[in-house]
file data-v1.pdb (PDB, C-alpha atoms, pLDDT in the B column)
ATOM      1  CA  MET A 172      -5.680   8.074 -28.268  1.00 55.00           C
ATOM      2  CA  ILE A 173      -7.471   5.582 -26.064  1.00 56.00           C
ATOM      3  CA  ASN A 174     -10.949   4.552 -27.134  1.00 61.00           C
ATOM      4  CA  ARG A 175     -12.818   5.212 -23.883  1.00 62.00           C
ATOM      5  CA  THR A 176     -15.925   3.261 -24.865  1.00 64.00           C
ATOM      6  CA  MET A 177     -14.030   0.084 -25.704  1.00 60.00           C
ATOM      7  CA  LYS A 178     -14.154  -2.800 -23.202  1.00 58.00           C
ATOM      8  CA  LEU A 179     -10.841  -4.598 -22.835  1.00 48.00           C
ATOM      9  CA  PRO A 180     -10.532  -8.180 -21.595  1.00 51.00           C
ATOM     10  CA  LEU A 181      -9.148  -7.964 -18.090  1.00 49.00           C
ATOM     11  CA  PRO A 182      -6.124 -10.185 -17.525  1.00 54.00           C
ATOM     12  CA  LYS A 183      -5.128 -11.190 -14.026  1.00 64.00           C
ATOM     13  CA  ARG A 184      -4.055  -7.964 -12.404  1.00 70.00           C
ATOM     14  CA  ILE A 185      -0.593  -7.359 -11.020  1.00 70.00           C
ATOM     15  CA  GLU A 186      -2.276  -5.749  -7.996  1.00 70.00           C
ATOM     16  CA  THR A 187      -3.568  -9.196  -6.971  1.00 76.00           C
ATOM     17  CA  LEU A 188      -0.001 -10.149  -6.054  1.00 81.00           C
ATOM     18  CA  GLY A 189      -0.196  -8.035  -2.906  1.00 79.00           C
ATOM     19  CA  SER A 190       0.062  -4.531  -1.534  1.00 82.00           C
ATOM     20  CA  ILE A 191       2.931  -2.176  -2.159  1.00 88.00           C
ATOM     21  CA  THR A 192       5.262  -2.617   0.800  1.00 90.00           C
ATOM     22  CA  GLN A 193       8.178  -0.440  -0.290  1.00 94.00           C
ATOM     23  CA  ILE A 194       9.269   2.273  -2.665  1.00 94.00           C
ATOM     24  CA  ALA A 195      12.977   2.496  -3.334  1.00 95.00           C
ATOM     25  CA  TYR A 196      15.439   4.988  -4.758  1.00 94.00           C
ATOM     26  CA  VAL A 197      19.038   4.794  -5.966  1.00 94.00           C
ATOM     27  CA  PRO A 198      19.870   8.476  -5.469  1.00 94.00           C
ATOM     28  CA  LYS A 199      22.838  10.111  -7.129  1.00 92.00           C
ATOM     29  CA  ASP A 200      23.813  11.553  -3.728  1.00 94.00           C
ATOM     30  CA  PHE A 201      22.944   9.055  -0.980  1.00 94.00           C
ATOM     31  CA  ASP A 202      23.659  11.429   1.930  1.00 95.00           C
ATOM     32  CA  ALA A 203      21.660  14.265   0.360  1.00 95.00           C
ATOM     33  CA  ALA A 204      18.732  11.887  -0.130  1.00 95.00           C
ATOM     34  CA  LEU A 205      18.880  10.873   3.540  1.00 95.00           C
ATOM     35  CA  ARG A 206      18.845  14.565   4.502  1.00 95.00           C
ATOM     36  CA  PHE A 207      15.883  15.205   2.188  1.00 95.00           C
ATOM     37  CA  TRP A 208      13.800  12.419   3.712  1.00 95.00           C
ATOM     38  CA  THR A 209      14.699  13.149   7.344  1.00 96.00           C
ATOM     39  CA  GLU A 210      14.935  16.966   7.357  1.00 95.00           C
ATOM     40  CA  ARG A 211      12.391  18.005   4.730  1.00 95.00           C
ATOM     41  CA  VAL A 212       9.843  15.191   4.687  1.00 94.00           C
ATOM     42  CA  GLY A 213      10.254  14.185   8.330  1.00 94.00           C
ATOM     43  CA  VAL A 214      10.588  10.446   7.685  1.00 95.00           C
ATOM     44  CA  GLY A 215      13.037   8.766  10.004  1.00 95.00           C
ATOM     45  CA  PRO A 216      15.052   7.455  11.548  1.00 96.00           C
ATOM     46  CA  PHE A 217      16.655   5.435   8.766  1.00 96.00           C
ATOM     47  CA  PHE A 218      18.387   2.153   9.569  1.00 96.00           C
ATOM     48  CA  CYS A 219      21.478   1.405   7.483  1.00 95.00           C
ATOM     49  CA  VAL A 220      23.059  -1.858   6.386  1.00 92.00           C
ATOM     50  CA  GLU A 221      26.474  -1.598   4.773  1.00 93.00           C
ATOM     51  CA  HIS A 222      27.568  -4.183   2.200  1.00 93.00           C
ATOM     52  CA  VAL A 223      24.346  -6.210   2.141  1.00 86.00           C
ATOM     53  CA  PRO A 224      25.198  -9.918   1.964  1.00 79.00           C
ATOM     54  CA  VAL A 225      23.390 -11.869  -0.779  1.00 80.00           C
ATOM     55  CA  GLU A 226      24.338 -15.440  -1.619  1.00 82.00           C
ATOM     56  CA  GLU A 227      23.431 -15.482  -5.329  1.00 88.00           C
ATOM     57  CA  THR A 228      22.648 -12.742  -7.831  1.00 92.00           C
ATOM     58  CA  ILE A 229      21.743 -13.192 -11.488  1.00 95.00           C
ATOM     59  CA  TYR A 230      21.702 -10.024 -13.607  1.00 96.00           C
ATOM     60  CA  ARG A 231      20.102 -10.311 -17.038  1.00 96.00           C
ATOM     61  CA  GLY A 232      20.841 -14.031 -17.126  1.00 95.00           C
ATOM     62  CA  LEU A 233      24.448 -13.887 -15.902  1.00 95.00           C
ATOM     63  CA  PRO A 234      25.828 -14.480 -12.402  1.00 94.00           C
ATOM     64  CA  THR A 235      27.224 -11.382 -10.751  1.00 92.00           C
ATOM     65  CA  ARG A 236      28.259 -10.079  -7.360  1.00 91.00           C
ATOM     66  CA  VAL A 237      26.922  -6.621  -6.455  1.00 92.00           C
ATOM     67  CA  ASP A 238      27.988  -4.677  -3.358  1.00 93.00           C
ATOM     68  CA  ILE A 239      25.205  -2.400  -2.098  1.00 93.00           C
ATOM     69  CA  SER A 240      24.411  -0.542   1.077  1.00 94.00           C
ATOM     70  CA  LEU A 241      20.915   0.544   2.000  1.00 94.00           C
ATOM     71  CA  ALA A 242      18.915   2.615   4.440  1.00 96.00           C
ATOM     72  CA  VAL A 243      15.278   1.934   5.344  1.00 96.00           C
ATOM     73  CA  SER A 244      12.565   3.710   7.264  1.00 96.00           C
ATOM     74  CA  GLN A 245       8.768   3.616   7.289  1.00 95.00           C
ATOM     75  CA  TRP A 246       6.283   6.160   5.999  1.00 94.00           C
ATOM     76  CA  GLY A 247       3.120   4.674   7.443  1.00 91.00           C
ATOM     77  CA  ASP A 248       2.707   1.203   5.968  1.00 90.00           C
ATOM     78  CA  VAL A 249       5.164   1.826   3.138  1.00 93.00           C
ATOM     79  CA  GLN A 250       8.881   1.328   3.616  1.00 94.00           C
ATOM     80  CA  ILE A 251      11.233   3.892   2.083  1.00 96.00           C
ATOM     81  CA  GLU A 252      14.511   2.372   0.912  1.00 96.00           C
ATOM     82  CA  LEU A 253      17.584   4.248  -0.299  1.00 96.00           C
ATOM     83  CA  ILE A 254      20.255   2.195  -2.076  1.00 95.00           C
ATOM     84  CA  ARG A 255      23.893   2.930  -2.856  1.00 94.00           C
ATOM     85  CA  GLN A 256      25.939   0.623  -5.053  1.00 94.00           C
ATOM     86  CA  ASN A 257      29.495   0.506  -3.727  1.00 94.00           C
ATOM     87  CA  ASP A 258      31.138  -1.114  -6.743  1.00 94.00           C
ATOM     88  CA  ARG A 259      31.063  -0.852 -10.545  1.00 92.00           C
ATOM     89  CA  ALA A 260      29.381  -4.234 -11.233  1.00 91.00           C
ATOM     90  CA  ALA A 261      26.647  -4.337 -13.851  1.00 91.00           C
ATOM     91  CA  SER A 262      23.270  -4.282 -12.095  1.00 93.00           C
ATOM     92  CA  ILE A 263      19.793  -2.816 -12.075  1.00 94.00           C
ATOM     93  CA  TYR A 264      21.168  -0.118  -9.772  1.00 92.00           C
ATOM     94  CA  ARG A 265      23.373   1.079 -12.646  1.00 88.00           C
ATOM     95  CA  ASP A 266      20.517   0.668 -15.175  1.00 85.00           C
ATOM     96  CA  TRP A 267      18.278   3.126 -13.342  1.00 75.00           C
ATOM     97  CA  ASN A 268      20.462   5.360 -11.195  1.00 63.00           C
ATOM     98  CA  SER A 269      18.544   8.566 -10.677  1.00 69.00           C
ATOM     99  CA  ASP A 270      16.720  10.585  -8.101  1.00 77.00           C
ATOM    100  CA  THR A 271      13.391   9.133  -9.224  1.00 84.00           C
ATOM    101  CA  MET A 272      11.702   6.002  -7.957  1.00 89.00           C
ATOM    102  CA  HIS A 273      13.835   2.950  -8.735  1.00 93.00           C
ATOM    103  CA  HIS A 274      11.455   0.162  -7.805  1.00 94.00           C
ATOM    104  CA  ILE A 275       8.185  -0.681  -6.145  1.00 92.00           C
ATOM    105  CA  GLN A 276       8.218  -3.725  -3.876  1.00 94.00           C
ATOM    106  CA  VAL A 277       5.394  -6.182  -3.355  1.00 93.00           C
ATOM    107  CA  ALA A 278       5.794  -8.968  -0.774  1.00 91.00           C
ATOM    108  CA  VAL A 279       4.463 -12.187  -2.315  1.00 92.00           C
ATOM    109  CA  PRO A 280       3.513 -15.525  -0.723  1.00 89.00           C
ATOM    110  CA  ASP A 281       4.271 -17.522  -3.910  1.00 90.00           C
ATOM    111  CA  TYR A 282       7.319 -16.238  -5.759  1.00 92.00           C
ATOM    112  CA  ALA A 283       7.078 -18.613  -8.738  1.00 93.00           C
ATOM    113  CA  ALA A 284       3.427 -17.753  -9.453  1.00 92.00           C
ATOM    114  CA  ALA A 285       4.081 -14.009  -9.073  1.00 93.00           C
ATOM    115  CA  ALA A 286       7.141 -14.156 -11.360  1.00 94.00           C
ATOM    116  CA  LYS A 287       5.128 -16.078 -13.970  1.00 93.00           C
ATOM    117  CA  LEU A 288       2.405 -13.408 -13.927  1.00 92.00           C
ATOM    118  CA  CYS A 289       4.975 -10.624 -14.384  1.00 92.00           C
ATOM    119  CA  GLU A 290       6.528 -12.420 -17.351  1.00 92.00           C
ATOM    120  CA  GLU A 291       3.052 -13.018 -18.873  1.00 89.00           C
ATOM    121  CA  ARG A 292       2.265  -9.300 -18.540  1.00 87.00           C
ATOM    122  CA  GLY A 293       5.425  -8.388 -20.456  1.00 90.00           C
ATOM    123  CA  PHE A 294       7.686  -7.499 -17.535  1.00 93.00           C
ATOM    124  CA  PRO A 295      10.923  -9.443 -18.073  1.00 96.00           C
ATOM    125  CA  LEU A 296      13.141 -10.471 -15.182  1.00 97.00           C
ATOM    126  CA  ALA A 297      16.133  -8.114 -14.957  1.00 97.00           C
ATOM    127  CA  MET A 298      17.802  -9.305 -11.754  1.00 96.00           C
ATOM    128  CA  GLU A 299      17.174 -11.960  -9.147  1.00 95.00           C
ATOM    129  CA  CYS A 300      18.775 -12.423  -5.732  1.00 91.00           C
ATOM    130  CA  ARG A 301      18.557 -15.549  -3.602  1.00 87.00           C
ATOM    131  CA  GLY A 302      19.616 -16.323  -0.076  1.00 80.00           C
ATOM    132  CA  ALA A 303      20.792 -14.189   2.798  1.00 73.00           C
ATOM    133  CA  PRO A 304      22.438 -14.987   6.141  1.00 66.00           C
ATOM    134  CA  GLY A 305      19.916 -16.969   8.174  1.00 67.00           C
ATOM    135  CA  ALA A 306      17.402 -16.985   5.295  1.00 72.00           C
ATOM    136  CA  PRO A 307      18.587 -19.301   2.510  1.00 74.00           C
ATOM    137  CA  ASP A 308      15.105 -19.325   0.916  1.00 81.00           C
ATOM    138  CA  PHE A 309      14.855 -15.518   0.750  1.00 83.00           C
ATOM    139  CA  ARG A 310      14.288 -14.435  -2.856  1.00 90.00           C
ATOM    140  CA  VAL A 311      13.703 -11.192  -4.716  1.00 92.00           C
ATOM    141  CA  GLY A 312      13.187 -10.570  -8.401  1.00 96.00           C
ATOM    142  CA  PHE A 313      13.281  -7.241 -10.177  1.00 96.00           C
ATOM    143  CA  PHE A 314      11.121  -7.037 -13.303  1.00 96.00           C
ATOM    144  CA  ASP A 315      11.556  -4.328 -15.962  1.00 94.00           C
ATOM    145  CA  LEU A 316       8.430  -2.163 -16.107  1.00 91.00           C
ATOM    146  CA  GLY A 317       9.283  -0.442 -19.383  1.00 86.00           C
ATOM    147  CA  ASP A 318       8.125   2.857 -20.826  1.00 82.00           C
ATOM    148  CA  CYS A 319       5.539   5.051 -19.081  1.00 82.00           C
ATOM    149  CA  ALA A 320       6.023   3.278 -15.740  1.00 84.00           C
ATOM    150  CA  PRO A 321       6.350   5.189 -12.463  1.00 84.00           C
ATOM    151  CA  ALA A 322       9.586   3.320 -11.670  1.00 88.00           C
ATOM    152  CA  GLY A 323      12.157   1.213 -13.448  1.00 89.00           C
ATOM    153  CA  PHE A 324      11.289  -2.067 -11.775  1.00 94.00           C
ATOM    154  CA  LEU A 325       8.721  -4.048  -9.843  1.00 94.00           C
ATOM    155  CA  GLU A 326      10.370  -6.014  -7.046  1.00 95.00           C
ATOM    156  CA  LEU A 327       8.752  -9.248  -5.952  1.00 95.00           C
ATOM    157  CA  ALA A 328       9.983 -10.142  -2.478  1.00 92.00           C
ATOM    158  CA  TYR A 329       9.508 -13.578  -0.989  1.00 90.00           C
ATOM    159  CA  PHE A 330      10.244 -13.760   2.731  1.00 84.00           C
ATOM    160  CA  PRO A 331      10.472 -17.387   3.925  1.00 80.00           C
ATOM    161  CA  ASP A 332       9.584 -16.176   7.434  1.00 76.00           C
ATOM    162  CA  PRO A 333       6.929 -13.510   6.794  1.00 69.00           C
ATOM    163  CA  GLY A 334       6.310 -13.215  10.538  1.00 73.00           C
ATOM    164  CA  GLY A 335       9.949 -12.264  11.116  1.00 77.00           C
ATOM    165  CA  TRP A 336       9.832  -9.744   8.288  1.00 75.00           C
ATOM    166  CA  ARG A 337       6.596  -8.210   9.664  1.00 81.00           C
ATOM    167  CA  ALA A 338       8.133  -8.055  13.149  1.00 85.00           C
ATOM    168  CA  MET A 339      11.112  -6.133  11.756  1.00 84.00           C
ATOM    169  CA  VAL A 340       8.766  -3.696   9.992  1.00 86.00           C
ATOM    170  CA  GLU A 341       6.832  -3.224  13.248  1.00 89.00           C
ATOM    171  CA  ARG A 342      10.091  -2.486  15.135  1.00 91.00           C
ATOM    172  CA  ILE A 343      10.923   0.181  12.539  1.00 92.00           C
ATOM    173  CA  LYS A 344       7.399   1.651  12.787  1.00 92.00           C
ATOM    174  CA  CYS A 345       7.703   1.776  16.585  1.00 92.00           C
ATOM    175  CA  GLN A 346      10.992   3.689  16.402  1.00 92.00           C
ATOM    176  CA  VAL A 347       9.570   5.997  13.716  1.00 92.00           C
ATOM    177  CA  SER A 348       6.490   6.785  15.827  1.00 92.00           C
ATOM    178  CA  SER A 349       8.627   7.856  18.800  1.00 93.00           C
ATOM    179  CA  TRP A 350      11.390   9.535  16.801  1.00 93.00           C
ATOM    180  CA  ASP A 351      12.339  12.936  18.228  1.00 93.00           C
ATOM    181  CA  GLY A 352      14.650  13.967  15.387  1.00 92.00           C
ATOM    182  CA  GLN A 353      17.785  12.751  17.152  1.00 93.00           C
ATOM    183  CA  GLU A 354      20.139  10.358  15.390  1.00 94.00           C
ATOM    184  CA  PRO A 355      18.335  10.375  12.013  1.00 95.00           C
ATOM    185  CA  VAL A 356      20.578   7.654  10.569  1.00 94.00           C
ATOM    186  CA  ARG A 357      21.334   4.565  12.639  1.00 95.00           C
ATOM    187  CA  PRO A 358      23.067   1.232  12.099  1.00 94.00           C
ATOM    188  CA  PHE A 359      20.603  -1.589  11.426  1.00 90.00           C
ATOM    189  CA  ASP A 360      21.798  -3.484  14.523  1.00 87.00           C
ATOM    190  CA  LYS A 361      20.299  -0.664  16.672  1.00 83.00           C
ATOM    191  CA  LEU A 362      16.867  -1.770  15.541  1.00 81.00           C
TER     192      LEU A 362
END
call {"tool": "encode", "arguments": {"input": "data-v1.pdb", "output": "structure tokens"}}
result
Amino acid sequence: MINRTMKLPLPKRIETLGSITQIAYVPKDFDAALRFWTERVGVGPFFCVEHVPVEETIYRGLPTRVDISLAVSQWGDVQIELIRQNDRAASIYRDWNSDTMHHIQVAVPDYAAAAKLCEERGFPLAMECRGAPGAPDFRVGFFDLGDCAPAGFLELAYFPDPGGWRAMVERIKCQVSSWDGQEPVRPFDKL
């Protein structure tokens, strides 16, 4: 039982890292999840990238190569991401593969400082990805949230060109705002 009258020292809050920019799922049935979001919730269209290219991935301290595909759309200011792992490699997508929230993403201006704060708060680094075509400084880290958390991981995303990332999000929002229900799933290059 929590002592409600007790005053706890307030450490630096995780929320100071930035706003939630994305919630992500690794659904058991990728196509059914797309149908749920587009047909029942009305979020769409989703833009898909097959076999996402990442230059370097470290999973729980060991180098790995993970083949994923993903679909993204916007629900207001929050991006919805659905992920499918196409291979059997060990990864965070195998650690927490369910129809519940997989991770919460926060875009951070200083990856090293944000990662240090997560580690200090008891959220160990589970997987880190670096580099993408045209963005060698792109970096994301997935930190284990542990018991009682709303998701398995907190994703810190560092975009070396935040203006380019914001422009992409705005293009998605524009297509979402004028979506008439046609073509609910589209290739990312149609964005």
call {"tool": "resolve_selection", "arguments": {"input": "data-v1.pdb", "expression": "the PyMOL selection byres ((chain A and resi 277-288) around 12)", "output": "ChimeraX atom specification"}}
result
/A:182-195,249-250,274-276,289-299,301,308-315,324-334,336-337
call {"tool": "atom_distance", "arguments": {"input": "data-v1.pdb", "atom1": "atom CA of Phe218 of chain A", "atom2": "atom CA of Thr235 of chain A"}}
result
26.0 Å
call {"tool": "resolve_selection", "arguments": {"input": "data-v1.pdb", "expression": "the PyMOL selection byres ((chain A and resi 252) around 6)", "output": "PDB file with C-alpha atoms, in the frame of the given file"}}
result
ATOM      1  CA  ALA A 195      12.977   2.496  -3.334  1.00 95.00           C
ATOM      2  CA  ALA A 242      18.915   2.615   4.440  1.00 96.00           C
ATOM      3  CA  VAL A 243      15.278   1.934   5.344  1.00 96.00           C
ATOM      4  CA  ILE A 251      11.233   3.892   2.083  1.00 96.00           C
ATOM      5  CA  LEU A 253      17.584   4.248  -0.299  1.00 96.00           C
TER       6      LEU A 253
END
call {"tool": "residues_around", "arguments": {"input": "data-v1.pdb", "residues": "Thr209 of chain A", "least_positions_apart": "2", "cutoff": "12 Å", "atoms": "all atoms listed in the file", "output": "list in words"}}
result
Asp202, Ala203, Ala204, Leu205, Arg206, Phe207, Arg211, Val212, Gly213, Val214, Gly215, Pro216, Phe217, Phe218, Ala242, Val243, Ser244, Gln245, Trp246, Ile251, Val347, Trp350, Asp351, Gly352, Gln353, Glu354, Pro355 and Val356 of chain A
call {"tool": "atom_distance", "arguments": {"input": "data-v1.pdb", "atom1": "atom CA of Ala322 of chain A", "atom2": "atom CA of Ile254 of chain A"}}
result
14.4 Å
call {"tool": "residues_around", "arguments": {"input": "data-v1.pdb", "residues": "Arg255 of chain A", "least_positions_apart": "4", "cutoff": "8 Å", "atoms": "only C-alpha atoms", "output": "PDB file with C-alpha atoms, in the frame of the given file"}}
result
ATOM      1  CA  VAL A 197      19.038   4.794  -5.966  1.00 94.00           C
ATOM      2  CA  PRO A 198      19.870   8.476  -5.469  1.00 94.00           C
ATOM      3  CA  PHE A 201      22.944   9.055  -0.980  1.00 94.00           C
ATOM      4  CA  ILE A 239      25.205  -2.400  -2.098  1.00 93.00           C
ATOM      5  CA  SER A 240      24.411  -0.542   1.077  1.00 94.00           C
ATOM      6  CA  LEU A 241      20.915   0.544   2.000  1.00 94.00           C
TER       7      LEU A 241
END
call {"tool": "closest_residue", "arguments": {"input": "data-v1.pdb", "among": "A:Leu233, A:Phe359, A:Gly247, A:Lys199", "to": "Asp270 of chain A", "atoms": "only C-alpha atoms"}}
result
A:Lys199
